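A.B. asks: I'm passing along upload-v9.txt; it holds compact mmCIF, C-alpha atoms.
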```txt
# COMPACT_ATOMS: atom_id res chain seq x y z
CA MET A 20 155.01 67.83 96.75
CA ILE A 21 151.39 68.76 97.41
CA LEU A 22 150.28 66.34 94.70
CA ASN A 23 151.87 63.44 96.57
CA MET A 24 150.44 64.63 99.87
CA VAL A 25 146.92 64.90 98.46
CA PHE A 26 146.86 61.35 97.14
CA GLY A 27 149.62 59.76 99.22
CA THR A 28 153.30 59.08 98.94
CA ALA A 29 152.74 56.25 96.46
CA PRO A 30 152.36 57.00 92.73
CA ILE A 31 149.02 58.57 91.88
CA ARG A 32 146.37 56.06 90.90
CA ARG A 33 142.65 55.61 91.37
CA VAL A 34 142.00 54.28 94.83
CA ALA A 35 140.13 50.98 94.67
CA GLY A 36 137.73 51.21 97.42
CA LEU A 37 138.45 53.06 99.57
CA VAL A 38 127.54 54.84 114.30
CA LEU A 39 125.36 53.37 118.79
CA GLY A 40 124.25 56.77 117.53
CA ILE A 41 123.50 60.37 118.41
CA LEU A 42 120.83 61.60 120.81
CA ALA A 43 117.35 62.46 119.61
CA LEU A 44 118.18 66.18 119.71
CA VAL A 45 120.60 65.57 116.84
CA MET A 46 117.72 64.34 114.73
CA ALA A 47 115.95 67.65 115.35
CA GLY A 48 118.76 69.56 113.62
CA PRO A 49 118.40 72.08 110.82
CA THR A 50 116.75 71.34 107.50
CA ARG A 51 118.62 70.19 104.40
CA GLY A 52 121.13 68.34 106.55
CA GLU A 53 123.13 71.45 107.41
CA ILE A 54 125.22 71.75 110.56
CA PRO A 55 125.11 75.27 112.05
CA GLY A 56 128.25 77.13 113.06
CA ASP A 57 131.25 79.07 111.83
CA GLU A 58 131.88 77.05 108.71
CA ALA A 59 135.28 78.51 107.86
CA GLU A 60 137.03 77.89 111.18
CA ARG A 61 135.18 75.23 113.17
CA GLY A 62 135.81 71.80 111.85
CA ALA A 63 136.87 68.24 112.54
CA VAL A 64 138.70 65.52 110.64
CA VAL A 65 137.34 61.97 110.50
CA PHE A 66 139.63 59.13 109.43
CA ALA A 67 138.44 55.90 107.81
CA TYR A 68 140.25 52.55 108.01
CA GLY A 69 139.36 49.08 106.73
CA ARG A 70 141.65 46.09 107.24
CA PHE A 71 144.81 46.05 109.32
CA GLY A 72 148.03 44.31 108.31
CA GLU A 73 146.37 42.38 105.48
CA ASP A 74 148.76 43.32 102.69
CA GLN A 75 147.08 40.96 100.22
CA TYR A 76 144.08 43.33 100.12
CA GLY A 77 146.14 46.30 98.93
CA PRO A 78 144.06 49.51 99.05
CA GLY A 79 141.72 48.00 101.65
CA SER A 80 144.37 47.60 104.34
CA ILE A 81 146.73 49.75 106.40
CA ALA A 82 150.18 48.45 107.37
CA LEU A 83 150.53 47.89 111.10
CA ASP A 84 153.61 50.09 111.40
CA GLN A 85 151.69 52.88 109.68
CA PHE A 86 148.76 52.52 112.07
CA ASP A 87 151.12 52.49 115.04
CA ALA A 88 152.63 55.74 113.76
CA HIS A 89 149.15 57.29 113.48
CA LEU A 90 148.33 56.39 117.08
CA ALA A 91 151.69 57.74 118.25
CA GLU A 92 150.97 61.01 116.45
CA LEU A 93 147.60 61.31 118.18
CA ALA A 94 149.17 60.55 121.56
CA ASP A 95 151.41 63.62 121.56
CA GLY A 96 148.61 65.86 122.81
CA SER A 97 148.36 68.15 119.79
CA HIS A 98 145.03 66.68 118.66
CA ALA A 99 141.72 66.19 120.45
CA VAL A 100 140.47 62.68 119.66
CA LEU A 101 136.72 62.55 120.28
CA PRO A 102 134.10 59.81 120.06
CA LEU A 103 132.27 60.38 116.80
CA PRO A 104 128.82 60.93 118.39
CA ALA A 105 130.29 63.53 120.77
CA LEU A 106 132.01 65.32 117.90
CA LEU A 107 128.83 65.40 115.83
CA GLU A 108 126.72 66.49 118.78
CA LYS A 109 128.99 69.48 119.35
CA LEU A 110 128.75 70.51 115.72
CA LEU A 111 125.01 70.01 115.52
CA ASN A 112 124.47 72.10 118.65
CA GLY A 113 126.87 74.84 117.63
CA ALA A 114 129.14 74.05 120.58
CA PRO A 115 132.82 74.97 120.22
CA LEU A 116 135.19 72.25 119.08
CA PRO A 117 138.80 72.05 120.20
CA ASP A 118 141.38 72.86 117.55
CA ARG A 119 142.55 69.85 115.57
CA ALA A 120 139.57 67.71 116.60
CA VAL A 121 139.65 64.24 115.04
CA ALA A 122 137.68 60.99 115.16
CA LEU A 123 138.56 57.48 113.98
CA THR A 124 136.22 55.14 112.09
CA ILE A 125 136.63 51.61 110.73
CA ASP A 126 134.56 50.15 107.90
CA ASP A 127 133.43 46.55 108.23
CA ALA A 128 133.99 43.99 110.99
CA HIS A 129 137.02 42.30 109.46
CA ARG A 130 138.80 39.82 111.72
CA SER A 131 141.97 41.90 111.58
CA VAL A 132 140.08 44.76 113.25
CA TYR A 133 139.53 42.56 116.29
CA ARG A 134 142.98 40.95 116.14
CA GLU A 135 145.14 44.00 115.39
CA ALA A 136 143.33 47.33 115.66
CA PHE A 137 141.12 46.78 118.70
CA PRO A 138 143.96 45.89 121.12
CA ARG A 139 145.99 48.89 119.95
CA LEU A 140 143.09 51.33 120.22
CA LYS A 141 142.09 49.97 123.63
CA ALA A 142 145.65 50.25 124.97
CA ALA A 143 145.95 53.79 123.67
CA GLY A 144 142.56 54.80 125.07
CA VAL A 145 141.47 56.06 121.65
CA PRO A 146 137.70 56.06 120.95
CA PHE A 147 136.51 54.79 117.60
CA THR A 148 133.44 53.92 115.57
CA LEU A 149 132.99 50.57 113.84
CA PHE A 150 130.60 50.39 110.86
CA ILE A 151 129.49 46.81 110.23
CA ALA A 152 127.72 44.90 107.45
CA PRO A 153 125.78 42.16 109.29
CA ASP A 154 125.44 39.57 106.50
CA PRO A 155 129.07 38.31 106.52
CA ILE A 156 128.87 37.96 110.31
CA ASP A 157 125.56 36.10 110.12
CA ASN A 158 127.03 33.83 107.43
CA GLY A 159 130.04 32.95 109.59
CA ALA A 160 132.60 34.34 107.15
CA GLU A 161 136.10 33.49 108.35
CA SER A 162 137.28 36.93 107.23
CA HIS A 163 134.91 38.62 109.68
CA MET A 164 134.33 38.81 113.41
CA THR A 165 131.70 36.91 115.30
CA TRP A 166 128.82 38.72 116.98
CA ALA A 167 130.43 37.89 120.33
CA GLN A 168 133.53 39.81 119.26
CA VAL A 169 131.42 42.74 118.05
CA ARG A 170 129.65 42.81 121.41
CA GLU A 171 133.01 42.83 123.18
CA ILE A 172 134.07 45.85 121.14
CA ALA A 173 130.76 47.60 121.83
CA ARG A 174 131.08 46.94 125.58
CA SER A 175 134.53 48.55 125.51
CA GLY A 176 132.85 51.84 124.61
CA ALA A 177 133.19 51.83 120.82
CA THR A 178 130.34 53.26 118.75
CA ILE A 179 128.68 50.81 116.35
CA GLY A 180 127.20 52.02 113.07
CA VAL A 181 126.15 50.20 109.94
CA LEU A 182 127.14 49.58 106.37
CA PRO A 183 124.64 48.12 103.89
CA ALA A 184 123.88 44.64 105.26
CA ALA A 185 124.99 42.67 102.19
CA GLY A 186 128.17 44.67 101.64
CA LEU A 187 127.28 45.55 98.03
CA SER A 188 127.84 48.85 96.21
CA MET A 189 124.75 51.00 96.62
CA PRO A 190 124.76 53.01 93.33
CA GLN A 191 124.51 49.75 91.35
CA ARG A 192 121.39 48.62 93.20
CA THR A 193 117.75 49.72 93.11
CA VAL A 194 116.18 51.97 95.73
CA GLN A 195 114.11 49.01 96.93
CA GLN A 196 117.20 46.82 97.32
CA ASN A 197 119.07 49.52 99.20
CA ALA A 198 116.09 50.21 101.45
CA ALA A 199 115.80 46.54 102.38
CA ASP A 200 119.55 46.26 102.88
CA LEU A 201 119.72 49.24 105.26
CA ALA A 202 116.64 48.17 107.20
CA ARG A 203 118.09 44.67 107.67
CA ALA A 204 121.41 46.12 108.82
CA VAL A 205 119.75 48.26 111.49
CA GLU A 206 117.47 45.40 112.59
CA ARG A 207 120.32 42.90 112.99
CA VAL A 208 122.59 45.27 114.90
CA GLU A 209 119.76 46.28 117.21
CA ALA A 210 118.88 42.62 117.80
CA GLU A 211 122.47 41.66 118.63
CA LEU A 212 123.54 44.74 120.62
CA GLY A 213 120.31 45.99 122.12
CA ALA A 214 120.57 49.51 120.71
CA LYS A 215 119.50 50.97 117.38
CA PRO A 216 122.40 52.30 115.29
CA THR A 217 121.85 55.75 113.84
CA LEU A 218 125.12 56.29 111.95
CA LEU A 219 125.70 55.00 108.42
CA ALA A 220 128.73 54.63 106.18
CA TYR A 221 128.09 54.33 102.46
CA LEU A 222 129.99 51.31 101.16
CA PHE A 223 133.27 52.49 99.59
CA GLY A 224 131.89 55.99 100.18
CA SER A 225 129.69 55.82 97.07
CA TYR A 226 126.20 57.26 97.12
CA SER A 227 123.71 59.17 94.97
CA LEU A 228 121.15 61.83 95.82
CA SER A 229 118.44 59.15 95.91
CA ILE A 230 120.55 57.08 98.34
CA ARG A 231 121.09 60.14 100.53
CA ASP A 232 117.35 60.76 100.57
CA LEU A 233 116.79 57.10 101.50
CA ALA A 234 119.18 57.47 104.44
CA GLN A 235 117.20 60.49 105.59
CA ARG A 236 113.86 58.67 105.28
CA GLN A 237 115.20 55.74 107.27
CA GLY A 238 116.14 58.04 110.14
CA PHE A 239 119.93 58.03 110.12
CA ALA A 240 121.35 60.91 112.12
CA ALA A 241 124.47 61.11 109.96
CA ALA A 242 126.06 59.28 107.05
CA PHE A 243 129.65 59.19 105.84
CA THR A 244 131.32 59.10 102.46
CA GLN A 245 134.98 58.59 101.55
CA SER A 246 135.42 62.04 100.06
CA SER A 247 138.45 63.70 101.62
CA GLY A 248 137.67 66.84 103.56
CA VAL A 249 136.90 68.45 106.90
CA ILE A 250 133.48 68.45 108.55
CA HIS A 251 132.43 72.03 109.18
CA GLY A 252 129.50 74.29 109.99
CA ARG A 253 127.60 73.75 106.72
CA SER A 254 128.43 70.15 106.02
CA ASP A 255 125.58 67.94 104.87
CA ARG A 256 125.11 65.55 107.80
CA LEU A 257 124.14 62.78 105.37
CA ALA A 258 127.24 63.17 103.17
CA LEU A 259 130.08 63.79 105.62
CA PRO A 260 133.68 63.46 104.42
CA ARG A 261 136.40 61.16 105.76
CA PHE A 262 140.07 60.77 104.96
CA VAL A 263 140.74 57.16 103.96
CA MET A 264 143.92 55.64 105.35
CA ASN A 265 145.43 52.59 103.65
CA GLU A 266 148.89 51.26 102.89
CA ALA A 267 149.30 53.25 99.67
CA PHE A 268 147.95 56.49 101.13
CA GLY A 269 148.64 56.10 104.86
CA GLY A 270 152.16 57.48 105.22
CA ILE A 271 152.76 59.65 108.26
CA ASP A 272 153.19 62.80 106.15
CA ARG A 273 149.71 62.40 104.64
CA PHE A 274 148.24 61.53 108.03
CA ARG A 275 149.70 64.70 109.54
CA LEU A 276 148.51 66.77 106.59
CA ALA A 277 144.96 65.48 107.01
CA ALA A 278 144.93 65.61 110.82
CA ASN A 279 145.84 69.31 110.70
CA ALA A 280 143.48 70.21 107.84
CA LEU A 281 140.99 73.07 108.03
CA PRO A 282 137.61 73.35 106.31
CA LEU A 283 137.30 74.69 102.78
CA PRO A 284 133.56 75.46 102.95
CA VAL A 285 131.70 75.46 99.64
CA ALA A 286 128.14 75.86 98.36
CA ASP A 287 126.27 75.42 95.07
CA VAL A 288 128.30 72.37 94.10
CA THR A 289 127.83 70.99 90.60
CA PRO A 290 127.14 68.30 89.70
CA ALA A 291 124.85 67.87 92.68
CA ASP A 292 124.70 64.10 92.23
CA PRO A 293 128.04 62.24 92.60
CA VAL A 294 126.75 59.45 90.33
CA LEU A 295 127.61 61.00 87.00
CA ALA A 296 125.20 61.45 84.12
CA GLN A 297 127.85 63.44 82.19
CA ASN A 298 131.45 62.29 81.83
CA PRO A 299 133.72 64.12 82.27
CA PRO A 300 131.65 66.23 84.64
CA SER A 301 131.40 70.01 84.68
CA VAL A 302 132.54 70.61 88.27
CA GLY A 303 132.00 73.91 90.05
CA PHE A 304 131.47 75.31 93.53
CA THR A 305 131.34 78.60 95.40
CA VAL A 306 133.78 79.07 98.27
CA THR A 307 132.08 80.70 101.27
CA GLY A 308 133.62 82.63 104.14
CA GLY A 309 136.99 84.30 104.42
CA VAL A 310 139.42 81.50 103.68
CA GLY A 311 142.39 83.22 102.04
CA ASP A 312 143.70 83.86 98.55
CA LEU A 313 141.67 81.69 96.18
CA ASP A 314 144.24 82.23 93.44
CA ARG A 315 146.32 79.67 95.36
CA LEU A 316 143.61 77.01 95.16
CA ALA A 317 144.80 73.77 93.52
CA CYS A 318 142.64 70.81 92.50
CA PHE A 319 143.67 67.26 91.60
CA VAL A 320 141.83 64.33 90.00
CA SER A 321 142.94 60.80 90.84
CA GLY A 322 144.57 59.20 87.83
CA GLN A 323 144.87 62.56 86.03
CA GLY A 324 146.78 64.84 88.39
CA ARG A 325 146.32 68.58 88.60
CA THR A 326 143.33 70.00 86.75
CA GLY A 327 142.57 73.47 85.46
CA VAL A 328 140.95 75.94 87.88
CA GLU A 329 139.06 79.04 86.72
CA ARG A 330 137.86 81.68 89.18
CA LEU A 331 134.62 83.46 88.27
CA ASP A 332 132.82 86.32 90.01
CA GLY A 333 135.01 86.38 93.08
CA ASN A 334 134.48 83.09 94.89
CA ARG A 335 132.97 80.92 92.14
CA ILE A 336 135.32 78.14 91.02
CA GLU A 337 134.96 76.12 87.81
CA LEU A 338 137.23 73.18 87.01
CA ARG A 339 138.38 72.20 83.53
CA ILE A 340 138.56 68.40 83.44
CA GLY A 341 139.74 67.12 80.08
CA GLU A 342 139.53 63.33 80.40
CA GLU A 343 136.62 61.01 81.06
CA PHE A 344 136.55 59.23 84.38
CA PRO A 345 136.80 55.42 84.29
CA ALA A 346 133.97 53.21 85.52
CA GLY A 347 133.78 53.08 89.30
CA ARG A 348 135.11 55.67 91.75
CA THR A 349 137.20 58.76 91.00
CA ARG A 350 138.25 61.35 93.55
CA LEU A 351 138.70 65.09 93.29
CA ASN A 352 140.65 66.99 95.96
CA CYS A 353 141.01 70.77 96.23
CA THR A 354 143.43 72.36 98.69
CA LEU A 355 144.28 75.90 99.75
CA PRO A 356 147.26 76.98 101.89
CA ALA A 357 146.37 78.23 105.37
CA PRO A 358 148.41 79.77 108.20
CA GLU A 359 150.86 77.72 110.28
CA GLY A 360 151.59 75.36 107.42
CA ARG A 361 148.05 73.95 107.42
CA TRP A 362 145.76 73.38 104.41
CA ARG A 363 142.11 73.93 103.75
CA TRP A 364 140.62 70.90 102.06
CA PHE A 365 137.52 70.02 100.04
CA GLY A 366 136.98 66.73 98.22
CA MET A 367 134.42 64.90 96.14
CA GLN A 368 134.14 61.27 95.11
CA PHE A 369 132.33 60.54 91.86
CA PHE A 370 130.90 57.27 90.64
CA VAL A 371 130.61 56.20 86.99
CA PRO A 372 128.28 53.20 86.56
CA GLU A 373 129.42 50.20 84.57
CA GLN A 374 128.00 50.24 81.05
```
Any chance you could give the structure as structure tokens?
C.D. replies:
Amino acid sequence: MILNMVFGTAPIRRVAGLVLGILALVMAGPTRGEIPGDEAERGAVVFAYGRFGEDQYGPGSIALDQFDAHLAELADGSHAVLPLPALLEKLLNGAPLPDRAVALTIDDAHRSVYREAFPRLKAAGVPFTLFIAPDPIDNGAESHMTWAQVREIARSGATIGVLPAAGLSMPQRTVQQNAADLARAVERVEAELGAKPTLLAYLFGSYSLSIRDLAQRQGFAAAFTQSSGVIHGRSDRLALPRFVMNEAFGGIDRFRLAANALPLPVADVTPADPVLAQNPPSVGFTVTGGVGDLDRLACFVSGQGRTGVERLDGNRIELRIGEEFPAGRTRLNCTLPAPEGRWRWFGMQFFVPEQ
């Protein structure tokens, strides 16, 4: 049961692909990208969407009836849906978050976002963040919005962040190419909307330590991956997790599981770089804070299922992964039962370069 809820109600398989920013005081946050606070209990869930009702794109799209069910779930009053900058500002300032705080994000300015998602979100009064790659808009791609439509969404109160301008996978490109791509993305959004975006989403959630450092040098206040998990007191603000919602993994049971998730705070994660030099990787982490019985921790690798977990020296966890990861993206999710039927959640997304 938990295996299906971790990776969705569809059969397990490797998922194919699957912000007008924060105030200057956010940029003056703690060193090493850490967010201060009670890491074990204070947290927030961020969801990531892509296309809407475009079944031909498979993992990149959510079915409209699924998205409607998500919005209905959020409308029942049991969750606090916050604008992403407000959520991050609370965390960065150590301010208390409401229980079950969530935020919605959308990657890329696909036409279906404007046609299907925007009217629904506007009618429901749900705030959201749209990350855009400017090049397809500048090139007049029929699959994407126009700048006039992006401006309409921004005027409605949505937050606008950026993806790499060209919409190309960052780990496969040089530092110089990525630097130029990010600079162009920020420049074009600022030129079209009149405000400099300070929130970044790594394309498909894939990044390396050098890409993270580039995001820091270029002044982004926060950056988001597609690793499943809950943002908490010690999250790296330049590698924040999001739960991806698509047709295969967007059933209401998984949405509820994620929306009610609690942090599983960890430190000393190995490997430190998600772009793998060793395959399969030797994965380990130390669980921090009082989070419950770690003997009940379970970890799953996409395409492989449940993996071996060894507990060392109290809170140190080492995973025994027997098979190599394929080229591209592979996800690891670790969950731990929590009170009231909730789950603590920590995830990683690895990237294996093409040979």
A.B. asks: I want to know what sits within 10 Å of Pro155 (chain A), based on only C-alpha atoms, with residues of the same chain fewer than 2 positions away left out; could you give that as a PDB file with C-alpha atoms, keeping the file's coordinate frame?
C.D. replies:
```
ATOM      1  CA  ASP A 127     133.430  46.550 108.230  1.00  0.00           C
ATOM      2  CA  ALA A 128     133.990  43.990 110.990  1.00  0.00           C
ATOM      3  CA  HIS A 129     137.020  42.300 109.460  1.00  0.00           C
ATOM      4  CA  ILE A 151     129.490  46.810 110.230  1.00  0.00           C
ATOM      5  CA  ALA A 152     127.720  44.900 107.450  1.00  0.00           C
ATOM      6  CA  PRO A 153     125.780  42.160 109.290  1.00  0.00           C
ATOM      7  CA  ASP A 157     125.560  36.100 110.120  1.00  0.00           C
ATOM      8  CA  ASN A 158     127.030  33.830 107.430  1.00  0.00           C
ATOM      9  CA  GLY A 159     130.040  32.950 109.590  1.00  0.00           C
ATOM     10  CA  ALA A 160     132.600  34.340 107.150  1.00  0.00           C
ATOM     11  CA  GLU A 161     136.100  33.490 108.350  1.00  0.00           C
ATOM     12  CA  SER A 162     137.280  36.930 107.230  1.00  0.00           C
ATOM     13  CA  HIS A 163     134.910  38.620 109.680  1.00  0.00           C
ATOM     14  CA  MET A 164     134.330  38.810 113.410  1.00  0.00           C
ATOM     15  CA  THR A 165     131.700  36.910 115.300  1.00  0.00           C
ATOM     16  CA  ALA A 184     123.880  44.640 105.260  1.00  0.00           C
ATOM     17  CA  ALA A 185     124.990  42.670 102.190  1.00  0.00           C
ATOM     18  CA  GLY A 186     128.170  44.670 101.640  1.00  0.00           C
TER      19      GLY A 186
END
```
A.B. asks: With distances taken over only C-alpha atoms, which residue among A:Arg61, A:Arg119, A:Arg275, A:Arg139 lies nearest Asp84 (chain A)?
C.D. replies: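 Ranking A:Arg61, A:Arg119, A:Arg275, A:Arg139 by distance to Asp84 (chain A), first place goes to A:Arg139.
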A.B. asks: I'd like the box whose edges run along x, y and z of the file and which contains every listed atom of region 201-218 of chain A, padded by 6 Å per side; could you state its centre and edge lengths in Å, one decimal, as AutoDock Vina command-line options?
C.D. replies:
```
--center_x 120.9 --center_y 49.0 --center_z 113.7 --size_x 20.5 --size_y 26.6 --size_z 28.9
```
A.B. asks: Using only C-alpha atoms, which protein or nucleic acid residues come within 9 Å of Gln237 (chain A)? Drop anything in the same chain fewer than 5 positions from it, and give the result as number ranges by chain.
C.D. replies: A: 198, 201-202, 232
A.B. asks: Might you pull out every residue within 9 Å of Phe66 (chain A), with only C-alpha atoms counted and same-chain residues fewer than 2 positions away left off, and present them as a list in words?
C.D. replies: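 Counting only C-alpha atoms, the residues come to Val64, Tyr68, Val121, Ala122, Leu123, Thr124, Ile125, Pro260, Arg261, Phe262, Val263, Met264, Ala277 and Ala278 of chain A.
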A.B. asks: I'd like the contact shell of Asn265 (chain A) - 7 Å cut-off, all atoms listed in the file, skipping same-chain residues fewer than 4 positions apart - returned as a PyMOL selection string.
C.D. replies: chain A and resi 68+78-81+269
A.B. asks: How far is it from CA of Ala240 (chain A) to CA of Thr217 (chain A), in Å with one decimal?
C.D. replies: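 Computed distance, CA of Ala240 (chain A) to CA of Thr217 (chain A), equals 5.5 Å.
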A.B. asks: With a cut-off of 12 Å, could you pull out the residues of region 257-281 of chain A touching region 90-97 of chain A and give me the nearest pair of atoms for each, distance in Å to one decimal, using all atoms listed in the file, ordered by chain and ascending number, as CSV?
C.D. replies:
```
residue,atom,partner,partner_atom,distance
A:Gly270,CA,A:Glu92,CA,11.8
A:Ile271,CA,A:Glu92,CA,8.5
A:Asp272,CA,A:Glu92,CA,10.7
A:Arg273,CA,A:Glu92,CA,12.0
A:Phe274,CA,A:Glu92,CA,8.9
A:Arg275,CA,A:Glu92,CA,7.9
A:Leu276,CA,A:Glu92,CA,11.7
A:Ala278,CA,A:Leu93,CA,8.9
A:Asn279,CA,A:Ser97,CA,9.5
```
A.B. asks: With C-alpha atoms retained, export the selected residues as a compact mmCIF listing (two decimals), keeping the file's coordinate frame.
C.D. replies:
```txt
# COMPACT_ATOMS: atom_id res chain seq x y z
CA GLY A 270 152.16 57.48 105.22
CA ILE A 271 152.76 59.65 108.26
CA ASP A 272 153.19 62.80 106.15
CA ARG A 273 149.71 62.40 104.64
CA PHE A 274 148.24 61.53 108.03
CA ARG A 275 149.70 64.70 109.54
CA LEU A 276 148.51 66.77 106.59
CA ALA A 278 144.93 65.61 110.82
CA ASN A 279 145.84 69.31 110.70
```
A.B. asks: Just how far from CA of Ser229 (chain A) is CA of Ile340 (chain A), in Å to one decimal?
C.D. replies: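 Taking CA of Ile340 (chain A) and CA of Ser229 (chain A), their separation equals 25.4 Å.
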A.B. asks: Please return, as a list of chain:residue names, all polymer residues that have at least one atom within 8 Å of the point (117.4, 56.9, 94.1); use all atoms listed in the file and the file's own coordinate frame.
C.D. replies: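 Every residue inside that radius is included here: A:Thr193, A:Val194, A:Ser227, A:Leu228, A:Ser229, A:Ile230, A:Asp232, A:Leu233.
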A.B. asks: Pick from A:Arg339, A:Lys215, A:His89, A:Arg315: nearest to Pro299 (chain A), with all atoms listed in the file counted?
C.D. replies: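 Of A:Arg339, A:Lys215, A:His89, A:Arg315, the one nearest Pro299 (chain A) is A:Arg339, counting all atoms listed in the file.
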A.B. asks: I'd like to know which of A:Glu135, A:Met367, A:Pro183, A:Gly327 is closest to Phe86 (chain A), using all atoms listed in the file.
C.D. replies: A:Glu135
A.B. asks: Using all atoms listed in the file and a cutoff of 10 Å, can you tell me which residues are near (127.3, 55.3, 118.0) in the file's coordinates, and write them out as a list of chain:residue names?
C.D. replies: A:Val38, A:Leu39, A:Gly40, A:Ile41, A:Leu42, A:Pro102, A:Leu103, A:Pro104, A:Ala105, A:Phe147, A:Thr148, A:Leu149, A:Phe150, A:Ala173, A:Gly176, A:Ala177, A:Thr178, A:Ile179, A:Gly180, A:Val181, A:Ala214, A:Lys215, A:Pro216, A:Thr217, A:Leu218, A:Leu219
A.B. asks: Residues at most 8 Å from Tyr221 (chain A), counting all atoms listed in the file, excluding those fewer than 3 positions away in the same chain, as JSON, numbers by chain?
C.D. replies: {"A": [182, 183, 189, 224, 225, 226, 242, 243, 244]}
A.B. asks: For the residues in the current selection, export C-alpha atoms as a PDB file, in the coordinates of the input.
C.D. replies:
```
ATOM      1  CA  LEU A 182     127.140  49.580 106.370  1.00  0.00           C
ATOM      2  CA  PRO A 183     124.640  48.120 103.890  1.00  0.00           C
ATOM      3  CA  MET A 189     124.750  51.000  96.620  1.00  0.00           C
ATOM      4  CA  GLY A 224     131.890  55.990 100.180  1.00  0.00           C
ATOM      5  CA  SER A 225     129.690  55.820  97.070  1.00  0.00           C
ATOM      6  CA  TYR A 226     126.200  57.260  97.120  1.00  0.00           C
ATOM      7  CA  ALA A 242     126.060  59.280 107.050  1.00  0.00           C
ATOM      8  CA  PHE A 243     129.650  59.190 105.840  1.00  0.00           C
ATOM      9  CA  THR A 244     131.320  59.100 102.460  1.00  0.00           C
TER      10      THR A 244
END
```
A.B. asks: Work out how far apart CA of Gly347 (chain A) and CA of Pro293 (chain A) are and give it in Å to one decimal.
C.D. replies: 11.3 Å
A.B. asks: Between A:Ala220, A:Leu116, A:Val100, A:Arg170, single out the one closest to Ala67 (chain A), counting all atoms listed in the file.
C.D. replies: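 Among the listed residues, the smallest separation from Ala67 (chain A) belongs to A:Ala220.
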A.B. asks: Of the candidates A:Thr326, A:Gln85, A:Thr305, A:Asn112, which one gets nearest to Ala136 (chain A) if we count all atoms listed in the file?
C.D. replies: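 Nearest to Ala136 (chain A): A:Gln85.
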